[in-house]
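Shown next: final-v2.cif, containing mmCIF, C-alpha atoms and all ligand atoms.
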data_work
#
loop_
_atom_site.label_atom_id
_atom_site.label_comp_id
_atom_site.auth_asym_id
_atom_site.auth_seq_id
_atom_site.Cartn_x
_atom_site.Cartn_y
_atom_site.Cartn_z
CA MET A 1 60.53 -105.50 -85.96
CA SER A 2 63.96 -106.42 -87.34
CA THR A 3 64.35 -103.64 -89.94
CA ASP A 4 66.56 -100.67 -89.18
CA PHE A 5 65.09 -98.57 -92.05
CA GLY A 6 68.61 -98.10 -93.46
CA LEU A 7 69.42 -95.72 -90.61
CA PRO A 8 72.83 -97.07 -89.53
CA GLY A 9 75.45 -94.36 -90.14
CA ARG A 10 72.92 -91.69 -91.13
CA VAL A 11 73.30 -88.28 -89.47
CA ALA A 12 69.94 -87.06 -88.21
CA ILE A 13 68.91 -83.84 -86.50
CA VAL A 14 65.89 -84.42 -84.24
CA THR A 15 64.36 -81.34 -82.59
CA GLY A 16 62.18 -81.31 -79.49
CA ALA A 17 64.28 -84.25 -78.32
CA ALA A 18 64.09 -83.54 -74.58
CA ARG A 19 60.78 -85.34 -74.20
CA GLY A 20 57.66 -86.65 -75.89
CA LEU A 21 57.68 -87.35 -79.61
CA GLY A 22 61.11 -85.84 -80.21
CA ALA A 23 62.70 -87.97 -77.49
CA ALA A 24 60.97 -91.12 -78.78
CA THR A 25 62.14 -90.41 -82.35
CA ALA A 26 65.71 -89.66 -81.26
CA GLN A 27 65.83 -92.84 -79.14
CA LEU A 28 64.52 -94.99 -82.00
CA PHE A 29 66.95 -93.47 -84.52
CA ALA A 30 69.85 -94.05 -82.11
CA ARG A 31 68.71 -97.65 -81.55
CA PHE A 32 68.65 -98.17 -85.33
CA GLY A 33 72.24 -96.91 -85.62
CA ALA A 34 71.86 -93.28 -86.70
CA HIS A 35 74.13 -90.55 -85.32
CA VAL A 36 71.58 -88.30 -83.65
CA VAL A 37 72.01 -84.55 -83.20
CA ALA A 38 69.35 -83.93 -80.57
CA CYS A 39 68.15 -80.38 -80.00
CA ASP A 40 65.76 -78.74 -77.57
CA ILE A 41 65.27 -75.40 -75.83
CA ASP A 42 65.34 -77.21 -72.46
CA GLY A 43 69.04 -78.06 -72.14
CA GLU A 44 68.81 -79.86 -68.81
CA ALA A 45 66.02 -82.19 -69.91
CA LEU A 46 67.81 -82.70 -73.22
CA GLU A 47 70.99 -83.89 -71.47
CA LYS A 48 68.96 -86.45 -69.49
CA SER A 49 67.12 -87.63 -72.60
CA ALA A 50 70.32 -87.94 -74.66
CA ALA A 51 72.08 -89.84 -71.87
CA GLY A 52 69.71 -92.72 -72.63
CA PHE A 53 70.48 -92.99 -76.36
CA GLU A 54 71.98 -96.29 -77.47
CA GLY A 55 75.15 -96.30 -79.56
CA GLU A 56 77.76 -93.62 -80.22
CA GLY A 57 78.36 -90.38 -82.09
CA HIS A 58 75.39 -88.48 -80.72
CA LEU A 59 75.33 -84.78 -79.91
CA ALA A 60 72.93 -82.83 -77.68
CA LEU A 61 72.63 -79.11 -78.43
CA ALA A 62 70.38 -76.65 -76.61
CA PHE A 63 68.93 -73.95 -78.88
CA ASP A 64 65.76 -71.89 -79.01
CA LEU A 65 64.74 -72.77 -82.55
CA SER A 66 62.25 -69.92 -82.83
CA VAL A 67 65.34 -67.79 -83.59
CA PRO A 68 66.45 -68.32 -87.23
CA GLU A 69 70.16 -67.80 -86.44
CA ASN A 70 69.91 -70.72 -84.00
CA CYS A 71 68.46 -72.95 -86.74
CA GLU A 72 71.48 -72.10 -88.88
CA SER A 73 73.86 -72.71 -85.96
CA LEU A 74 72.31 -76.14 -85.32
CA VAL A 75 73.01 -77.20 -88.91
CA ALA A 76 76.50 -75.63 -88.80
CA ARG A 77 77.40 -77.49 -85.57
CA THR A 78 76.14 -80.73 -87.12
CA LEU A 79 78.37 -80.23 -90.16
CA GLU A 80 81.37 -79.36 -87.96
CA ARG A 81 80.95 -82.67 -86.14
CA HIS A 82 79.91 -85.02 -88.93
CA ASN A 83 80.59 -83.17 -92.19
CA ARG A 84 77.18 -84.30 -93.46
CA LEU A 85 73.47 -84.14 -92.69
CA ASP A 86 71.12 -86.79 -94.04
CA ILE A 87 67.90 -86.39 -92.10
CA LEU A 88 66.04 -83.53 -90.40
CA VAL A 89 63.08 -84.29 -88.12
CA ASN A 90 61.28 -81.10 -87.04
CA VAL A 91 59.39 -82.13 -83.90
CA ALA A 92 59.78 -79.13 -81.55
CA GLY A 93 56.60 -77.17 -81.00
CA ILE A 94 54.37 -75.52 -78.43
CA ILE A 95 50.66 -75.28 -77.75
CA GLU A 96 49.06 -72.44 -75.77
CA ARG A 97 45.38 -72.97 -75.05
CA LEU A 98 43.77 -69.53 -75.28
CA GLN A 99 40.26 -68.33 -76.05
CA LEU A 100 40.07 -65.96 -79.02
CA ASP A 101 39.81 -62.84 -76.85
CA GLU A 102 42.88 -63.95 -74.89
CA VAL A 103 45.13 -64.09 -77.98
CA ASP A 104 47.41 -61.06 -78.13
CA GLU A 105 50.20 -60.36 -80.58
CA ALA A 106 52.86 -61.79 -78.29
CA ALA A 107 50.97 -65.12 -78.00
CA TRP A 108 50.47 -65.23 -81.78
CA THR A 109 54.17 -64.59 -82.38
CA ARG A 110 55.35 -67.17 -79.80
CA THR A 111 53.35 -69.97 -81.40
CA MET A 112 54.04 -69.04 -85.02
CA ASP A 113 57.77 -68.63 -84.31
CA ALA A 114 58.14 -71.92 -82.40
CA ASN A 115 55.94 -73.99 -84.73
CA VAL A 116 56.37 -72.61 -88.26
CA LYS A 117 59.25 -70.14 -88.45
CA SER A 118 61.58 -72.67 -86.81
CA GLN A 119 60.67 -75.37 -89.32
CA PHE A 120 61.04 -73.02 -92.31
CA PHE A 121 64.53 -71.87 -91.37
CA LEU A 122 65.67 -75.35 -90.38
CA CYS A 123 64.41 -76.85 -93.66
CA ARG A 124 66.22 -74.12 -95.59
CA ALA A 125 69.51 -74.56 -93.72
CA ALA A 126 69.37 -78.38 -93.83
CA ALA A 127 68.67 -78.41 -97.55
CA GLU A 128 72.15 -77.12 -98.46
CA PRO A 129 74.25 -80.12 -97.29
CA MET A 130 71.52 -82.49 -98.50
CA LYS A 131 71.61 -80.92 -101.97
CA ALA A 132 75.40 -81.22 -102.03
CA ALA A 133 75.09 -84.94 -101.16
CA GLY A 134 72.20 -85.60 -103.56
CA TRP A 135 70.16 -87.33 -100.84
CA GLY A 136 68.04 -86.11 -97.96
CA ARG A 137 64.95 -86.71 -95.87
CA ILE A 138 62.93 -84.11 -93.97
CA VAL A 139 59.97 -84.97 -91.72
CA ASN A 140 57.96 -82.10 -90.19
CA PHE A 141 55.43 -82.39 -87.38
CA THR A 142 52.03 -80.87 -88.04
CA SER A 143 48.77 -81.91 -86.34
CA GLN A 144 45.19 -82.96 -87.03
CA ALA A 145 44.43 -79.41 -85.91
CA ALA A 146 45.61 -78.33 -89.38
CA HIS A 147 42.59 -80.20 -90.83
CA SER A 148 40.02 -79.72 -88.06
CA GLY A 149 40.70 -76.05 -87.34
CA GLY A 150 41.54 -76.96 -83.75
CA PHE A 151 39.48 -77.52 -80.62
CA TYR A 152 39.76 -76.43 -76.99
CA GLY A 153 41.36 -73.00 -77.45
CA THR A 154 43.91 -73.93 -80.10
CA SER A 155 43.16 -71.30 -82.79
CA VAL A 156 46.72 -70.02 -83.25
CA TYR A 157 48.17 -73.53 -82.93
CA ALA A 158 45.84 -74.75 -85.72
CA VAL A 159 46.93 -71.88 -87.99
CA SER A 160 50.59 -72.65 -87.28
CA LYS A 161 50.12 -76.34 -88.10
CA GLY A 162 48.31 -75.43 -91.35
CA GLY A 163 51.45 -73.47 -92.16
CA VAL A 164 53.55 -76.59 -91.62
CA VAL A 165 51.46 -78.50 -94.20
CA SER A 166 52.05 -75.72 -96.74
CA LEU A 167 55.77 -75.36 -96.06
CA THR A 168 56.13 -79.14 -96.39
CA LYS A 169 54.60 -79.01 -99.88
CA ASN A 170 56.69 -75.99 -100.82
CA PHE A 171 60.00 -77.56 -99.79
CA ALA A 172 58.98 -80.89 -101.36
CA ARG A 173 58.50 -79.09 -104.67
CA LEU A 174 61.81 -77.23 -104.43
CA LEU A 175 63.94 -80.09 -103.15
CA GLY A 176 62.54 -83.08 -105.08
CA PRO A 177 64.90 -82.48 -108.01
CA HIS A 178 67.79 -82.88 -105.53
CA ASN A 179 66.56 -86.32 -104.36
CA ILE A 180 65.36 -84.87 -101.05
CA THR A 181 61.89 -85.82 -99.80
CA VAL A 182 59.89 -83.59 -97.46
CA ASN A 183 56.87 -84.98 -95.63
CA ALA A 184 54.78 -84.21 -92.58
CA ILE A 185 53.18 -86.28 -89.86
CA ALA A 186 49.82 -85.21 -88.45
CA PRO A 187 49.06 -86.96 -85.15
CA ALA A 188 45.73 -86.64 -83.41
CA LEU A 189 46.42 -87.49 -79.78
CA VAL A 190 49.70 -88.93 -78.55
CA ASP A 191 50.25 -89.72 -74.90
CA THR A 192 52.82 -87.00 -74.06
CA ARG A 193 53.06 -84.08 -71.63
CA MET A 194 51.52 -81.76 -74.26
CA ILE A 195 48.28 -83.74 -73.86
CA SER A 196 48.44 -84.84 -70.21
CA GLU A 197 49.06 -81.25 -69.05
CA GLY A 198 46.86 -79.56 -71.64
CA MET A 199 43.63 -81.56 -71.84
CA SER A 200 41.20 -82.90 -69.25
CA ALA A 201 40.32 -86.59 -69.12
CA ASP A 202 36.85 -85.72 -70.49
CA GLU A 203 38.32 -83.79 -73.42
CA ILE A 204 40.67 -86.69 -74.23
CA ALA A 205 37.79 -89.19 -73.99
CA SER A 206 35.63 -87.10 -76.33
CA VAL A 207 38.33 -87.32 -79.01
CA THR A 208 39.37 -90.96 -78.53
CA GLY A 209 35.67 -91.90 -78.41
CA ALA A 210 35.30 -90.66 -82.00
CA MET A 211 38.25 -92.78 -83.20
CA PRO A 212 37.61 -96.25 -84.65
CA MET A 213 40.82 -97.34 -82.87
CA GLY A 214 39.53 -95.79 -79.65
CA ARG A 215 42.82 -94.71 -78.06
CA MET A 216 45.71 -92.26 -78.08
CA ALA A 217 48.87 -93.26 -79.94
CA GLU A 218 52.13 -94.01 -78.13
CA ALA A 219 55.11 -91.82 -79.06
CA GLY A 220 57.08 -94.90 -80.17
CA GLU A 221 54.39 -95.78 -82.71
CA ILE A 222 54.74 -92.35 -84.33
CA ALA A 223 58.55 -92.64 -84.29
CA MET A 224 58.33 -95.80 -86.43
CA ALA A 225 56.43 -93.83 -89.09
CA VAL A 226 59.14 -91.14 -89.00
CA ALA A 227 61.78 -93.83 -89.51
CA PHE A 228 59.92 -95.16 -92.55
CA LEU A 229 59.61 -91.70 -94.12
CA ALA A 230 63.36 -91.20 -93.47
CA SER A 231 64.24 -94.47 -95.22
CA ASP A 232 65.15 -95.33 -98.81
CA SER A 233 61.88 -97.25 -99.07
CA ALA A 234 59.96 -93.96 -98.98
CA ALA A 235 62.00 -92.52 -101.87
CA THR A 236 59.03 -91.33 -103.94
CA ILE A 237 56.76 -90.20 -101.12
CA THR A 238 57.05 -86.43 -100.88
CA GLY A 239 54.88 -83.44 -100.04
CA HIS A 240 52.63 -85.83 -98.14
CA THR A 241 50.99 -85.32 -94.77
CA LEU A 242 50.59 -88.68 -93.06
CA ASP A 243 47.60 -88.75 -90.72
CA ILE A 244 48.21 -90.88 -87.63
CA ASN A 245 44.90 -90.37 -85.93
CA GLY A 246 43.29 -93.70 -85.03
CA GLY A 247 40.85 -93.14 -87.91
CA LEU A 248 39.48 -89.89 -86.41
CA LEU A 249 39.47 -88.28 -89.85
CA MET A 250 39.55 -90.30 -93.08
CA ARG A 251 40.24 -88.19 -96.16
N1 LIG A 301 51.14 -85.03 -78.43
C1 LIG A 301 50.19 -84.93 -79.33
O1 LIG A 301 49.07 -85.45 -79.18
C2 LIG A 301 50.43 -84.17 -80.62
C3 LIG A 301 49.39 -84.12 -81.54
C4 LIG A 301 49.60 -83.46 -82.74
C5 LIG A 301 50.81 -82.86 -83.01
N2 LIG A 301 51.80 -82.91 -82.07
C6 LIG A 301 53.05 -82.23 -82.41
O2 LIG A 301 54.15 -83.09 -82.16
C7 LIG A 301 55.27 -82.33 -81.73
C8 LIG A 301 55.80 -82.88 -80.41
O3 LIG A 301 54.76 -82.89 -79.45
P1 LIG A 301 54.94 -83.53 -78.00
O4 LIG A 301 53.62 -84.06 -77.63
O5 LIG A 301 56.13 -84.40 -77.97
O6 LIG A 301 55.17 -82.17 -77.16
P2 LIG A 301 56.03 -81.92 -75.84
O7 LIG A 301 55.52 -80.63 -75.32
O8 LIG A 301 56.02 -83.12 -74.97
O9 LIG A 301 57.52 -81.74 -76.43
C9 LIG A 301 57.86 -80.64 -77.25
C10 LIG A 301 59.35 -80.39 -77.11
O10 LIG A 301 59.69 -79.26 -77.96
C11 LIG A 301 60.58 -78.42 -77.23
N3 LIG A 301 60.49 -77.04 -77.75
C12 LIG A 301 59.42 -76.21 -77.68
N4 LIG A 301 59.73 -75.01 -78.20
C13 LIG A 301 61.04 -75.09 -78.62
C14 LIG A 301 61.92 -74.16 -79.22
N5 LIG A 301 61.56 -72.89 -79.48
N6 LIG A 301 63.18 -74.57 -79.52
C15 LIG A 301 63.57 -75.83 -79.25
N7 LIG A 301 62.77 -76.76 -78.66
C16 LIG A 301 61.52 -76.37 -78.34
C17 LIG A 301 60.09 -78.52 -75.79
O11 LIG A 301 61.06 -78.07 -74.84
C18 LIG A 301 59.75 -79.99 -75.67
O12 LIG A 301 60.85 -80.77 -75.25
C19 LIG A 301 54.82 -80.88 -81.64
O13 LIG A 301 55.18 -80.19 -82.82
C20 LIG A 301 53.31 -81.01 -81.53
O14 LIG A 301 52.63 -79.87 -82.00
C21 LIG A 301 51.64 -83.55 -80.89
#

Take the structure I supplied and represent it as structure tokens, if you would.
Ligand SMILES: NC(=O)c1ccc[n+]([C@@H]2O[C@H](COP(=O)([O-])OP(=O)(O)OC[C@H]3O[C@@H](n4cnc5c(N)ncnc54)[C@H](O)[C@@H]3O)[C@@H](O)[C@H]2O)c1
Amino acid sequence: MSTDFGLPGRVAIVTGAARGLGAATAQLFARFGAHVVACDIDGEALEKSAAGFEGEGHLALAFDLSVPENCESLVARTLERHNRLDILVNVAGIIERLQLDEVDEAAWTRTMDANVKSQFFLCRAAAEPMKAAGWGRIVNFTSQAAHSGGFYGTSVYAVSKGGVVSLTKNFARLLGPHNITVNAIAPALVDTRMISEGMSADEIASVTGAMPMGRMAEAGEIAMAVAFLASDSAATITGHTLDINGGLLMR
């Protein structure tokens, strides 16, 4: 595809950029000419991932984003470097497969902090420079688990991803008047380590078998949808959760 989605020169924070969907999104944004501020808790893997970005002006910052002060520091470091922030893509997240009786408070807190608290505090911090500029795009990662309730020991994960849908609507409502859109992407199965290490081949086949498209998505396919939502063309799409699920659920 020849379009660059108007990304050249845009400053974009992409979290979870060490691997999987975050890495694919950061790579695509860099290829389209954005200045990427890539963040992940895994600093070593992040350095390797960022070393492959095309173009210039990128930054790789290791932070644990389940700590609100770190979310604020990530935005502050971005502003120090670029003096602006146009796009925030909240990809970082975890999944812990636990049966109900295995869920303790620590497990609940880990997942809610990494998946929802991080996105809330990053959206809030990112909104300030976007409001000042009168333009901004935020894309949050939720999951089909938000709609299905989750399978295969993903109760807390499903609750956290339901929270992402709600916070997306909340920020869309608050930030729309400032010309900032806030949307979410809800993948079903994407071929990343989260799936290859977390699900058996039979479990994967049972889900893809129920999809009209009959297969997992590739991370690069999802990244293209992020780029569209981050573009000027998506100027009046906000508060929306985009299902990218091979037709698994049609609503
Ligand atoms: N892969 C799928 O099928 C799928 C489906 C639905 C939703 N998702 C969502 O997409 C997002 C990315 O998934 P993925 O498959 O690329 O996962 P992944 O496990 O391959 O990558 C997640 C990245 O987030 C980082 N991360 C985790 N906790 C962090 C923290 N506290 N601070 C900073 N970075 C942190 C990890 O180090 C890792 O690099 C997640 O939010 C996930 O819930 C994925």

From A:Ile195, A:Ile244, A:Val103, A:Ala18, residue lying nearest A:Ala62 [only C-alpha atoms]: A:Ala18

Selection as JSON, numbers by chain: residues within 7 Å of ligand LIG 301 (chain A) by all atoms listed in the file: {"A": [15, 16, 17, 18, 19, 20, 21, 22, 39, 40, 41, 42, 63, 64, 65, 66, 91, 92, 93, 94, 95, 114, 115, 141, 142, 143, 144, 186, 187, 188, 189, 190, 191, 192, 193, 194, 195]}

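Interatomic distance, atom CA of A:Ala107 to atom CA of A:Val156: 8.3 Å.
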
Distance in Å - atom CA of A:Tyr157 versus atom CA of A:Thr109: 10.8 Å

All residues 9 Å or closer to A:Ala76, all atoms listed in the file, same chain fewer than 5 positions away omitted, as a list in words: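 Once the adjacent positions are removed, what remains is Cys71, Arg81 and Ala125 of chain A.
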
For A:Gly246, the nearest of the candidates A:Ser233, A:Thr168, A:Gln27, A:Thr208, counting only C-alpha atoms: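 Closest residue, counting only C-alpha atoms: A:Thr208.
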
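From atom CA of A:Gly239 back to atom CA of A:Arg173, the distance works out to 7.3 Å.
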
Given only C-alpha atoms as the counted atoms, nearest of A:Ala172, A:Val37, A:Ile87, A:Val165 to A:Leu7: A:Ile87

Neighbours of point (58.9, -87.0, -95.0) within 8 Å, using all atoms listed in the file, written as a PyMOL selection string: chain A and resi 137-140+181-185+226+229-230+237-240

How about saving the chosen residues, C-alpha atoms kept, as a short mmCIF file (atom, residue, chain, number, x, y, z; two decimals), in the coordinates of the input?
data_model
loop_
_atom_site.label_atom_id
_atom_site.label_comp_id
_atom_site.auth_asym_id
_atom_site.auth_seq_id
_atom_site.Cartn_x
_atom_site.Cartn_y
_atom_site.Cartn_z
CA ARG A 137 64.95 -86.71 -95.87
CA ILE A 138 62.93 -84.11 -93.97
CA VAL A 139 59.97 -84.97 -91.72
CA ASN A 140 57.96 -82.10 -90.19
CA THR A 181 61.89 -85.82 -99.80
CA VAL A 182 59.89 -83.59 -97.46
CA ASN A 183 56.87 -84.98 -95.63
CA ALA A 184 54.78 -84.21 -92.58
CA ILE A 185 53.18 -86.28 -89.86
CA VAL A 226 59.14 -91.14 -89.00
CA LEU A 229 59.61 -91.70 -94.12
CA ALA A 230 63.36 -91.20 -93.47
CA ILE A 237 56.76 -90.20 -101.12
CA THR A 238 57.05 -86.43 -100.88
CA GLY A 239 54.88 -83.44 -100.04
CA HIS A 240 52.63 -85.83 -98.14
#

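Distances here use all atoms listed in the file; by that measure, the residue among A:Pro177, A:Gly136, A:Gly43, A:Gly150 closest to A:Ser231 is A:Gly136.
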
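Compared by their closest atoms to A:Asn170, and using only C-alpha atoms, the residues A:Arg215, A:Lys131, A:Arg124, A:His58 rank with A:Arg124 nearest.
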
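With distances restricted to all atoms listed in the file, A:Gly153 is the closest residue to A:Asp101 from A:Leu248, A:Gly153, A:Pro212, A:Lys161.
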
Selection near A:Gly247, 9 Å with only C-alpha atoms, sequence-local residues under 5 positions removed, as a PyMOL selection string: chain A and resi 210-214

Once you add 6 Å to each side, what are the centre and edge lengths of the axis-aligned box holding all listed atoms of stretch 79-94 of chain A? One decimal in Å, as JSON, if you can.
{"center_x": 67.9, "center_y": -81.2, "center_z": -86.2, "size_x": 39.0, "size_y": 23.3, "size_z": 27.6}

Test item: residues at most 12 Å from A:Glu80, all atoms listed in the file, excluding those fewer than 5 positions along its chain, as a short mmCIF file (atom, residue, chain, number, x, y, z; two decimals) with C-alpha atoms, in the frame of the given file:
data_model
loop_
_atom_site.label_atom_id
_atom_site.label_comp_id
_atom_site.auth_asym_id
_atom_site.auth_seq_id
_atom_site.Cartn_x
_atom_site.Cartn_y
_atom_site.Cartn_z
CA VAL A 37 72.01 -84.55 -83.20
CA LEU A 59 75.33 -84.78 -79.91
CA SER A 73 73.86 -72.71 -85.96
CA LEU A 74 72.31 -76.14 -85.32
CA VAL A 75 73.01 -77.20 -88.91
CA LEU A 85 73.47 -84.14 -92.69
CA PRO A 129 74.25 -80.12 -97.29
#
